[in-house]
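Notes follow the structure.
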Amino acid sequence: NTSIAGILCCIFMTVSVHCEVEYSRILQGLTAVPWDIPANVEKVNLRQNIISSIGSSDFAGMTELWEIDLYDNQISSIAADALNDLVSLKSLSLEKNLLTDFSAVHSAKACPMLWYLNMNYNKITTVTTQDLKGFNALSHLYIKLNPLTTFPNVSEISSKLVNYYLSGTYGSVDADLLGTTEKLIELGITDSSLTFCVDFTGQQTATTLKRLHYSNNANLTPNLGPSCFASLPLLE
């Protein structure tokens with residue numbers, strides 16, 4: 001029932017019981033983050049509302065919060081200190097919003113456990129090295145269906161990356177911009193303007209990558225062939 005805000009999910013274990021505190025309001029027509037989220041909340045689900053901004057006090061003091069889902073809202077701004085208190089945050093989804101600048105999530109660098117960040121389907125045009133510096137635990141980064149004009153240099157977080165998806169208007173990709181990817185298993189360069197495959201020859205990425213996605217690259221299709229994948233022995 002989407003009208004029920006607070007949900008307790010109890011997990012019974014051999015020696016203890018853990019009750020997960022979840023606040024969920026989906027398709028409620030909310031224009032702002034509700035004021036009545038309990039301070040001890042662990043999961044917040046505000047999908048498919050019309051929230052336009054995240055303020056400094058919206059998640060203040062929620063030190064046990066580990067997952068925020070804000071999929072399909074109208075968020076165009078996030079206060080510079082909006083996520084500073086979220087020391088337990090592991091997963092943040094801002095997919096399908098109106099953000100134009102990756103710096104909007106810089107306050108998430110204060111979240112030492114954040115490993116999942118989804119910013120698919122926004123209006124971001126650039127992601128700089130400085131934007132990514134400080135995301136020390138980030139292993140799953142999704143920025144596809146954004147109008148990126150250049151392929152981001154992810155060297156600042158490359159040693160942690162496992163899954164990485166992005167899109168843009170760029171026509172080529174320099175594999176050097178992936179940095180020293182010691183753990184990258186899945187890479188998606190989709191919905192872009194690529195004309196040639198990425199050359200992974202001599203790159204460390206070639207020794208770890210198992211799944212590579214080039215979907216919706218119309219200009220690339222005529223040039224796809226076995227040579228595109230010859231340097232990737234682990235591809236499934």
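Every chain in the structure tokens takes a letter, A first, then B, and so on in the order presented; its residues are numbered from 1, and the ligands are numbered from 1 following the presented order.
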
Practice prompt. Once DSSP has gone over the backbone, tell me which residues of range 3-209 of chain A are in strand (DSSP E), as a PyMOL selection string.
Written response: chain A and resi 6-12+17-24+43-45+53-54+67-69+77-78+91-93+116-118+140-148+163-168+186-189

Worksheet entry | Contacts of range 212-225 of chain A at 7 Å (only C-alpha atoms; same-chain gap of 3+ positions) as a ChimeraX atom specification | /A:186-196,228

For Thr125 in chain A, please output as a PDB file with all heavy atoms, in the first residue's frame all residues within 12 Å (counting only C-alpha atoms; exclusion window: fewer than 2 positions along the same chain).
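The resulting file, result_24.pdb, is reproduced below:
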ATOM      1  N   LEU A  98      16.510  15.687 -13.183  1.00  0.00           N
ATOM      2  CA  LEU A  98      16.836  16.829 -14.044  1.00  0.00           C
ATOM      3  C   LEU A  98      18.174  17.461 -13.678  1.00  0.00           C
ATOM      4  O   LEU A  98      18.395  18.648 -13.931  1.00  0.00           O
ATOM      5  CB  LEU A  98      15.715  17.882 -13.958  1.00  0.00           C
ATOM      6  CG  LEU A  98      14.315  17.409 -14.338  1.00  0.00           C
ATOM      7  CD1 LEU A  98      13.281  18.511 -14.080  1.00  0.00           C
ATOM      8  CD2 LEU A  98      14.261  16.986 -15.810  1.00  0.00           C
ATOM      9  N   LEU A  99      19.083  16.683 -13.114  1.00  0.00           N
ATOM     10  CA  LEU A  99      20.382  17.210 -12.715  1.00  0.00           C
ATOM     11  C   LEU A  99      21.236  17.506 -13.948  1.00  0.00           C
ATOM     12  O   LEU A  99      21.304  16.698 -14.874  1.00  0.00           O
ATOM     13  CB  LEU A  99      21.096  16.215 -11.812  1.00  0.00           C
ATOM     14  CG  LEU A  99      20.418  15.955 -10.458  1.00  0.00           C
ATOM     15  CD1 LEU A  99      21.045  14.774  -9.757  1.00  0.00           C
ATOM     16  CD2 LEU A  99      20.487  17.209  -9.590  1.00  0.00           C
ATOM     17  N   THR A 100      21.897  18.647 -13.947  1.00  0.00           N
ATOM     18  CA  THR A 100      22.730  19.044 -15.086  1.00  0.00           C
ATOM     19  C   THR A 100      24.217  18.991 -14.767  1.00  0.00           C
ATOM     20  O   THR A 100      25.046  19.111 -15.671  1.00  0.00           O
ATOM     21  CB  THR A 100      22.382  20.479 -15.534  1.00  0.00           C
ATOM     22  OG1 THR A 100      22.588  21.377 -14.439  1.00  0.00           O
ATOM     23  CG2 THR A 100      20.928  20.559 -15.991  1.00  0.00           C
ATOM     24  N   ASP A 101      24.559  18.824 -13.507  1.00  0.00           N
ATOM     25  CA  ASP A 101      25.961  18.879 -13.085  1.00  0.00           C
ATOM     26  C   ASP A 101      26.253  17.757 -12.095  1.00  0.00           C
ATOM     27  O   ASP A 101      25.543  17.601 -11.101  1.00  0.00           O
ATOM     28  CB  ASP A 101      26.244  20.244 -12.441  1.00  0.00           C
ATOM     29  CG  ASP A 101      27.721  20.571 -12.393  1.00  0.00           C
ATOM     30  OD1 ASP A 101      28.515  19.648 -12.154  1.00  0.00           O
ATOM     31  OD2 ASP A 101      28.073  21.744 -12.594  1.00  0.00           O
ATOM     32  N   PHE A 102      27.303  17.002 -12.356  1.00  0.00           N
ATOM     33  CA  PHE A 102      27.667  15.894 -11.468  1.00  0.00           C
ATOM     34  C   PHE A 102      28.045  16.395 -10.076  1.00  0.00           C
ATOM     35  O   PHE A 102      27.936  15.657  -9.089  1.00  0.00           O
ATOM     36  CB  PHE A 102      28.833  15.108 -12.069  1.00  0.00           C
ATOM     37  CG  PHE A 102      29.043  13.754 -11.453  1.00  0.00           C
ATOM     38  CD1 PHE A 102      28.391  12.636 -11.942  1.00  0.00           C
ATOM     39  CD2 PHE A 102      29.896  13.597 -10.364  1.00  0.00           C
ATOM     40  CE1 PHE A 102      28.575  11.384 -11.365  1.00  0.00           C
ATOM     41  CE2 PHE A 102      30.091  12.348  -9.787  1.00  0.00           C
ATOM     42  CZ  PHE A 102      29.429  11.244 -10.291  1.00  0.00           C
ATOM     43  N   SER A 103      28.465  17.654  -9.984  1.00  0.00           N
ATOM     44  CA  SER A 103      28.851  18.206  -8.680  1.00  0.00           C
ATOM     45  C   SER A 103      27.689  18.244  -7.696  1.00  0.00           C
ATOM     46  O   SER A 103      27.894  18.427  -6.491  1.00  0.00           O
ATOM     47  CB  SER A 103      29.420  19.619  -8.848  1.00  0.00           C
ATOM     48  OG  SER A 103      28.438  20.504  -9.345  1.00  0.00           O
ATOM     49  N   TYR A 121      19.971   8.857 -16.948  1.00  0.00           N
ATOM     50  CA  TYR A 121      18.828   9.610 -17.445  1.00  0.00           C
ATOM     51  C   TYR A 121      18.640  10.945 -16.729  1.00  0.00           C
ATOM     52  O   TYR A 121      17.577  11.276 -16.229  1.00  0.00           O
ATOM     53  CB  TYR A 121      17.555   8.763 -17.320  1.00  0.00           C
ATOM     54  CG  TYR A 121      16.496   9.027 -18.383  1.00  0.00           C
ATOM     55  CD1 TYR A 121      15.600   8.035 -18.738  1.00  0.00           C
ATOM     56  CD2 TYR A 121      16.372  10.262 -18.998  1.00  0.00           C
ATOM     57  CE1 TYR A 121      14.619   8.251 -19.709  1.00  0.00           C
ATOM     58  CE2 TYR A 121      15.403  10.501 -19.956  1.00  0.00           C
ATOM     59  CZ  TYR A 121      14.530   9.496 -20.302  1.00  0.00           C
ATOM     60  OH  TYR A 121      13.568   9.728 -21.253  1.00  0.00           O
ATOM     61  N   ASN A 122      19.738  11.733 -16.666  1.00  0.00           N
ATOM     62  CA  ASN A 122      19.665  13.118 -16.216  1.00  0.00           C
ATOM     63  C   ASN A 122      20.095  13.999 -17.390  1.00  0.00           C
ATOM     64  O   ASN A 122      19.934  13.600 -18.543  1.00  0.00           O
ATOM     65  CB  ASN A 122      20.537  13.320 -14.974  1.00  0.00           C
ATOM     66  CG  ASN A 122      19.838  12.918 -13.688  1.00  0.00           C
ATOM     67  OD1 ASN A 122      19.137  13.701 -13.066  1.00  0.00           O
ATOM     68  ND2 ASN A 122      20.022  11.656 -13.276  1.00  0.00           N
ATOM     69  N   LYS A 123      20.655  15.151 -17.119  1.00  0.00           N
ATOM     70  CA  LYS A 123      21.050  16.076 -18.182  1.00  0.00           C
ATOM     71  C   LYS A 123      22.506  16.510 -18.017  1.00  0.00           C
ATOM     72  O   LYS A 123      22.887  17.634 -18.342  1.00  0.00           O
ATOM     73  CB  LYS A 123      20.117  17.290 -18.198  1.00  0.00           C
ATOM     74  CG  LYS A 123      18.659  16.924 -18.474  1.00  0.00           C
ATOM     75  CD  LYS A 123      17.755  18.142 -18.473  1.00  0.00           C
ATOM     76  CE  LYS A 123      16.308  17.761 -18.738  1.00  0.00           C
ATOM     77  NZ  LYS A 123      16.103  17.178 -20.069  1.00  0.00           N
ATOM     78  N   VAL A 127      31.679  15.011 -16.709  1.00  0.00           N
ATOM     79  CA  VAL A 127      32.084  14.443 -15.420  1.00  0.00           C
ATOM     80  C   VAL A 127      33.598  14.565 -15.372  1.00  0.00           C
ATOM     81  O   VAL A 127      34.301  13.959 -16.185  1.00  0.00           O
ATOM     82  CB  VAL A 127      31.664  12.970 -15.276  1.00  0.00           C
ATOM     83  CG1 VAL A 127      32.145  12.414 -13.932  1.00  0.00           C
ATOM     84  CG2 VAL A 127      30.156  12.820 -15.384  1.00  0.00           C
ATOM     85  N   THR A 128      34.119  15.363 -14.451  1.00  0.00           N
ATOM     86  CA  THR A 128      35.551  15.624 -14.394  1.00  0.00           C
ATOM     87  C   THR A 128      36.254  14.692 -13.406  1.00  0.00           C
ATOM     88  O   THR A 128      35.616  14.030 -12.580  1.00  0.00           O
ATOM     89  CB  THR A 128      35.824  17.076 -13.964  1.00  0.00           C
ATOM     90  OG1 THR A 128      35.408  17.237 -12.586  1.00  0.00           O
ATOM     91  CG2 THR A 128      35.034  18.055 -14.839  1.00  0.00           C
ATOM     92  N   ILE A 143      25.919   6.280 -15.357  1.00  0.00           N
ATOM     93  CA  ILE A 143      25.639   7.631 -15.849  1.00  0.00           C
ATOM     94  C   ILE A 143      25.216   7.581 -17.322  1.00  0.00           C
ATOM     95  O   ILE A 143      25.498   8.494 -18.098  1.00  0.00           O
ATOM     96  CB  ILE A 143      26.848   8.586 -15.652  1.00  0.00           C
ATOM     97  CG1 ILE A 143      28.154   7.921 -16.083  1.00  0.00           C
ATOM     98  CG2 ILE A 143      26.935   9.066 -14.227  1.00  0.00           C
ATOM     99  CD1 ILE A 143      29.352   8.849 -15.998  1.00  0.00           C
ATOM    100  N   LYS A 144      24.537   6.505 -17.708  1.00  0.00           N
ATOM    101  CA  LYS A 144      24.101   6.417 -19.101  1.00  0.00           C
ATOM    102  C   LYS A 144      22.838   7.255 -19.334  1.00  0.00           C
ATOM    103  O   LYS A 144      22.191   7.706 -18.386  1.00  0.00           O
ATOM    104  CB  LYS A 144      23.877   4.967 -19.502  1.00  0.00           C
ATOM    105  CG  LYS A 144      22.706   4.260 -18.852  1.00  0.00           C
ATOM    106  CD  LYS A 144      22.593   2.829 -19.391  1.00  0.00           C
ATOM    107  CE  LYS A 144      21.362   2.138 -18.845  1.00  0.00           C
ATOM    108  NZ  LYS A 144      21.186   0.773 -19.397  1.00  0.00           N
ATOM    109  N   LEU A 145      22.543   7.478 -20.597  1.00  0.00           N
ATOM    110  CA  LEU A 145      21.406   8.308 -21.010  1.00  0.00           C
ATOM    111  C   LEU A 145      21.524   9.726 -20.448  1.00  0.00           C
ATOM    112  O   LEU A 145      20.561  10.352 -20.044  1.00  0.00           O
ATOM    113  CB  LEU A 145      20.078   7.658 -20.615  1.00  0.00           C
ATOM    114  CG  LEU A 145      19.787   6.341 -21.337  1.00  0.00           C
ATOM    115  CD1 LEU A 145      18.584   5.626 -20.746  1.00  0.00           C
ATOM    116  CD2 LEU A 145      19.560   6.584 -22.819  1.00  0.00           C
ATOM    117  N   ASN A 146      22.780  10.211 -20.425  1.00  0.00           N
ATOM    118  CA  ASN A 146      23.098  11.611 -20.183  1.00  0.00           C
ATOM    119  C   ASN A 146      23.819  12.125 -21.432  1.00  0.00           C
ATOM    120  O   ASN A 146      24.518  11.360 -22.104  1.00  0.00           O
ATOM    121  CB  ASN A 146      24.035  11.758 -18.968  1.00  0.00           C
ATOM    122  CG  ASN A 146      23.304  11.685 -17.646  1.00  0.00           C
ATOM    123  OD1 ASN A 146      22.677  12.624 -17.206  1.00  0.00           O
ATOM    124  ND2 ASN A 146      23.389  10.508 -17.006  1.00  0.00           N
ATOM    125  N   PRO A 147      23.699  13.391 -21.758  1.00  0.00           N
ATOM    126  CA  PRO A 147      24.341  13.918 -22.973  1.00  0.00           C
ATOM    127  C   PRO A 147      25.811  14.273 -22.748  1.00  0.00           C
ATOM    128  O   PRO A 147      26.253  15.406 -23.020  1.00  0.00           O
ATOM    129  CB  PRO A 147      23.499  15.157 -23.286  1.00  0.00           C
ATOM    130  CG  PRO A 147      23.046  15.644 -21.949  1.00  0.00           C
ATOM    131  CD  PRO A 147      22.806  14.400 -21.124  1.00  0.00           C
ATOM    132  N   LEU A 148      26.602  13.328 -22.237  1.00  0.00           N
ATOM    133  CA  LEU A 148      28.020  13.584 -21.988  1.00  0.00           C
ATOM    134  C   LEU A 148      28.733  13.925 -23.298  1.00  0.00           C
ATOM    135  O   LEU A 148      28.612  13.199 -24.281  1.00  0.00           O
ATOM    136  CB  LEU A 148      28.676  12.359 -21.353  1.00  0.00           C
ATOM    137  CG  LEU A 148      28.200  11.956 -19.951  1.00  0.00           C
ATOM    138  CD1 LEU A 148      28.835  10.636 -19.536  1.00  0.00           C
ATOM    139  CD2 LEU A 148      28.533  13.036 -18.943  1.00  0.00           C
ATOM    140  N   THR A 149      29.499  15.001 -23.297  1.00  0.00           N
ATOM    141  CA  THR A 149      30.183  15.422 -24.516  1.00  0.00           C
ATOM    142  C   THR A 149      31.581  14.819 -24.625  1.00  0.00           C
ATOM    143  O   THR A 149      32.154  14.754 -25.716  1.00  0.00           O
ATOM    144  CB  THR A 149      30.298  16.952 -24.575  1.00  0.00           C
ATOM    145  OG1 THR A 149      30.944  17.421 -23.381  1.00  0.00           O
ATOM    146  CG2 THR A 149      28.914  17.590 -24.679  1.00  0.00           C
ATOM    147  N   THR A 150      32.139  14.376 -23.506  1.00  0.00           N
ATOM    148  CA  THR A 150      33.439  13.708 -23.514  1.00  0.00           C
ATOM    149  C   THR A 150      33.387  12.483 -22.608  1.00  0.00           C
ATOM    150  O   THR A 150      32.615  12.429 -21.658  1.00  0.00           O
ATOM    151  CB  THR A 150      34.565  14.643 -23.003  1.00  0.00           C
ATOM    152  OG1 THR A 150      34.230  15.108 -21.686  1.00  0.00           O
ATOM    153  CG2 THR A 150      34.742  15.824 -23.945  1.00  0.00           C
ATOM    154  N   PHE A 151      34.238  11.521 -22.913  1.00  0.00           N
ATOM    155  CA  PHE A 151      34.312  10.299 -22.108  1.00  0.00           C
ATOM    156  C   PHE A 151      35.050  10.620 -20.812  1.00  0.00           C
ATOM    157  O   PHE A 151      36.186  11.094 -20.839  1.00  0.00           O
ATOM    158  CB  PHE A 151      35.049   9.217 -22.892  1.00  0.00           C
ATOM    159  CG  PHE A 151      34.961   7.841 -22.289  1.00  0.00           C
ATOM    160  CD1 PHE A 151      33.846   7.056 -22.519  1.00  0.00           C
ATOM    161  CD2 PHE A 151      35.982   7.342 -21.504  1.00  0.00           C
ATOM    162  CE1 PHE A 151      33.756   5.774 -21.973  1.00  0.00           C
ATOM    163  CE2 PHE A 151      35.900   6.070 -20.949  1.00  0.00           C
ATOM    164  CZ  PHE A 151      34.781   5.292 -21.187  1.00  0.00           C
ATOM    165  N   PRO A 152      34.421  10.387 -19.645  1.00  0.00           N
ATOM    166  CA  PRO A 152      35.036  10.774 -18.370  1.00  0.00           C
ATOM    167  C   PRO A 152      36.314   9.998 -18.067  1.00  0.00           C
ATOM    168  O   PRO A 152      36.445   8.817 -18.393  1.00  0.00           O
ATOM    169  CB  PRO A 152      33.949  10.431 -17.339  1.00  0.00           C
ATOM    170  CG  PRO A 152      32.686  10.347 -18.122  1.00  0.00           C
ATOM    171  CD  PRO A 152      33.077   9.831 -19.470  1.00  0.00           C
ATOM    172  N   LEU A 166      27.710   4.175 -19.175  1.00  0.00           N
ATOM    173  CA  LEU A 166      27.609   5.580 -19.528  1.00  0.00           C
ATOM    174  C   LEU A 166      27.178   5.739 -20.978  1.00  0.00           C
ATOM    175  O   LEU A 166      27.208   4.788 -21.769  1.00  0.00           O
ATOM    176  CB  LEU A 166      28.938   6.295 -19.302  1.00  0.00           C
ATOM    177  CG  LEU A 166      30.114   5.963 -20.235  1.00  0.00           C
ATOM    178  CD1 LEU A 166      31.177   7.063 -20.107  1.00  0.00           C
ATOM    179  CD2 LEU A 166      30.760   4.625 -19.878  1.00  0.00           C
ATOM    180  N   SER A 167      26.737   6.952 -21.310  1.00  0.00           N
ATOM    181  CA  SER A 167      26.327   7.308 -22.667  1.00  0.00           C
ATOM    182  C   SER A 167      26.812   8.717 -22.940  1.00  0.00           C
ATOM    183  O   SER A 167      27.176   9.456 -22.036  1.00  0.00           O
ATOM    184  CB  SER A 167      24.796   7.274 -22.821  1.00  0.00           C
ATOM    185  OG  SER A 167      24.245   6.072 -22.375  1.00  0.00           O
ATOM    186  N   GLY A 168      26.790   9.114 -24.211  1.00  0.00           N
ATOM    187  CA  GLY A 168      27.181  10.477 -24.532  1.00  0.00           C
ATOM    188  C   GLY A 168      27.174  10.730 -26.022  1.00  0.00           C
ATOM    189  O   GLY A 168      26.770   9.876 -26.819  1.00  0.00           O
ATOM    190  N   THR A 169      27.639  11.901 -26.395  1.00  0.00           N
ATOM    191  CA  THR A 169      27.661  12.280 -27.807  1.00  0.00           C
ATOM    192  C   THR A 169      29.059  12.143 -28.408  1.00  0.00           C
ATOM    193  O   THR A 169      29.274  12.515 -29.560  1.00  0.00           O
ATOM    194  CB  THR A 169      27.195  13.747 -27.966  1.00  0.00           C
ATOM    195  OG1 THR A 169      28.061  14.608 -27.218  1.00  0.00           O
ATOM    196  CG2 THR A 169      25.769  13.923 -27.462  1.00  0.00           C
ATOM    197  N   TYR A 170      30.008  11.633 -27.627  1.00  0.00           N
ATOM    198  CA  TYR A 170      31.377  11.470 -28.112  1.00  0.00           C
ATOM    199  C   TYR A 170      31.437  10.393 -29.197  1.00  0.00           C
ATOM    200  O   TYR A 170      30.661   9.436 -29.211  1.00  0.00           O
ATOM    201  CB  TYR A 170      32.330  11.103 -26.958  1.00  0.00           C
ATOM    202  CG  TYR A 170      31.730  10.131 -25.977  1.00  0.00           C
ATOM    203  CD1 TYR A 170      31.632   8.774 -26.274  1.00  0.00           C
ATOM    204  CD2 TYR A 170      31.216  10.566 -24.765  1.00  0.00           C
ATOM    205  CE1 TYR A 170      31.068   7.891 -25.393  1.00  0.00           C
ATOM    206  CE2 TYR A 170      30.642   9.686 -23.874  1.00  0.00           C
ATOM    207  CZ  TYR A 170      30.570   8.351 -24.187  1.00  0.00           C
ATOM    208  OH  TYR A 170      29.985   7.477 -23.319  1.00  0.00           O
TER     209      TYR A 170
END

Would you kindly return, as a compact mmCIF listing (two decimals) with N, CA and C atoms, in the first residue's frame, each protein, DNA or RNA residue with an atom no farther than 10 Å from any atom of Leu138 in chain A, considering only C-alpha atoms and excluding same-chain residues fewer than 5 positions away?
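Result file out.txt:
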# COMPACT_ATOMS: atom_id res chain seq x y z
N LYS A 90 25.03 3.37 1.48
CA LYS A 90 25.69 2.47 0.54
C LYS A 90 25.15 2.61 -0.88
N SER A 91 23.89 3.00 -1.00
CA SER A 91 23.24 3.01 -2.31
C SER A 91 22.42 4.28 -2.49
N LYS A 109 30.42 12.30 -1.14
CA LYS A 109 31.80 11.90 -0.84
C LYS A 109 32.02 11.76 0.66
N PRO A 112 31.35 7.24 3.48
CA PRO A 112 32.50 6.35 3.25
C PRO A 112 32.15 4.97 2.74
N MET A 113 30.87 4.57 2.84
CA MET A 113 30.47 3.23 2.44
C MET A 113 29.72 3.20 1.10
N LEU A 114 29.57 4.35 0.45
CA LEU A 114 28.78 4.42 -0.78
C LEU A 114 29.46 3.64 -1.91
N TRP A 115 28.81 2.56 -2.35
CA TRP A 115 29.37 1.75 -3.44
C TRP A 115 28.51 1.77 -4.70
N TYR A 116 27.27 2.22 -4.60
CA TYR A 116 26.35 2.22 -5.74
C TYR A 116 25.81 3.63 -5.96
N LEU A 117 26.05 4.18 -7.16
CA LEU A 117 25.55 5.50 -7.51
C LEU A 117 24.94 5.44 -8.91
N LEU A 132 34.94 12.99 -9.43
CA LEU A 132 35.00 11.61 -8.94
C LEU A 132 35.96 11.43 -7.76
N ILE A 157 38.76 6.61 -9.43
CA ILE A 157 38.00 5.53 -8.78
C ILE A 157 38.20 4.19 -9.47
N SER A 158 39.10 4.15 -10.44
CA SER A 158 39.21 2.96 -11.29
C SER A 158 39.59 1.68 -10.54
N SER A 159 40.33 1.81 -9.44
CA SER A 159 40.76 0.60 -8.73
C SER A 159 39.61 -0.11 -8.04
N LYS A 160 38.47 0.60 -7.88
CA LYS A 160 37.30 0.02 -7.20
C LYS A 160 36.21 -0.42 -8.18
N LEU A 161 36.19 0.18 -9.38
CA LEU A 161 35.06 -0.04 -10.29
C LEU A 161 34.87 -1.51 -10.66
N VAL A 162 33.61 -1.95 -10.57
CA VAL A 162 33.23 -3.30 -10.99
C VAL A 162 32.24 -3.21 -12.15
N ASN A 163 31.23 -2.34 -12.03
CA ASN A 163 30.24 -2.10 -13.08
C ASN A 163 30.25 -0.62 -13.43

Discussion item. Write out as a VMD selection string the set of residues from range 33-173 of chain A that DSSP, computed on the backbone, places in helix (DSSP H, G or I).
Written reply: chain A and resid 102 to 110 129 to 132

Worksheet item: Looking at A:Pro34, A:Gly134, A:Gly61, A:Gly29, which one is nearest to Asn49 in chain A, with distances taken over only C-alpha atoms?
Response: A:Gly29

Practice prompt. Excluding Gln203 in chain A and residues on its chain fewer than 5 positions from it, collect all residues at most 12 Å away from it, counting only C-alpha atoms, and give them as a VMD selection string.
Written response: chain A and resid 174 to 182 184 198 208 to 209 231 to 232

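Here CA of His140 in chain A is placed at a distance of 6.0 Å from CA of Tyr164 in chain A.
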
Discussion item. Considering only C-alpha atoms, can you say which of A:Leu234, A:Ile75, A:Cys111, A:Val21 comes closest to Val33 in chain A?
Written reply: A:Ile75
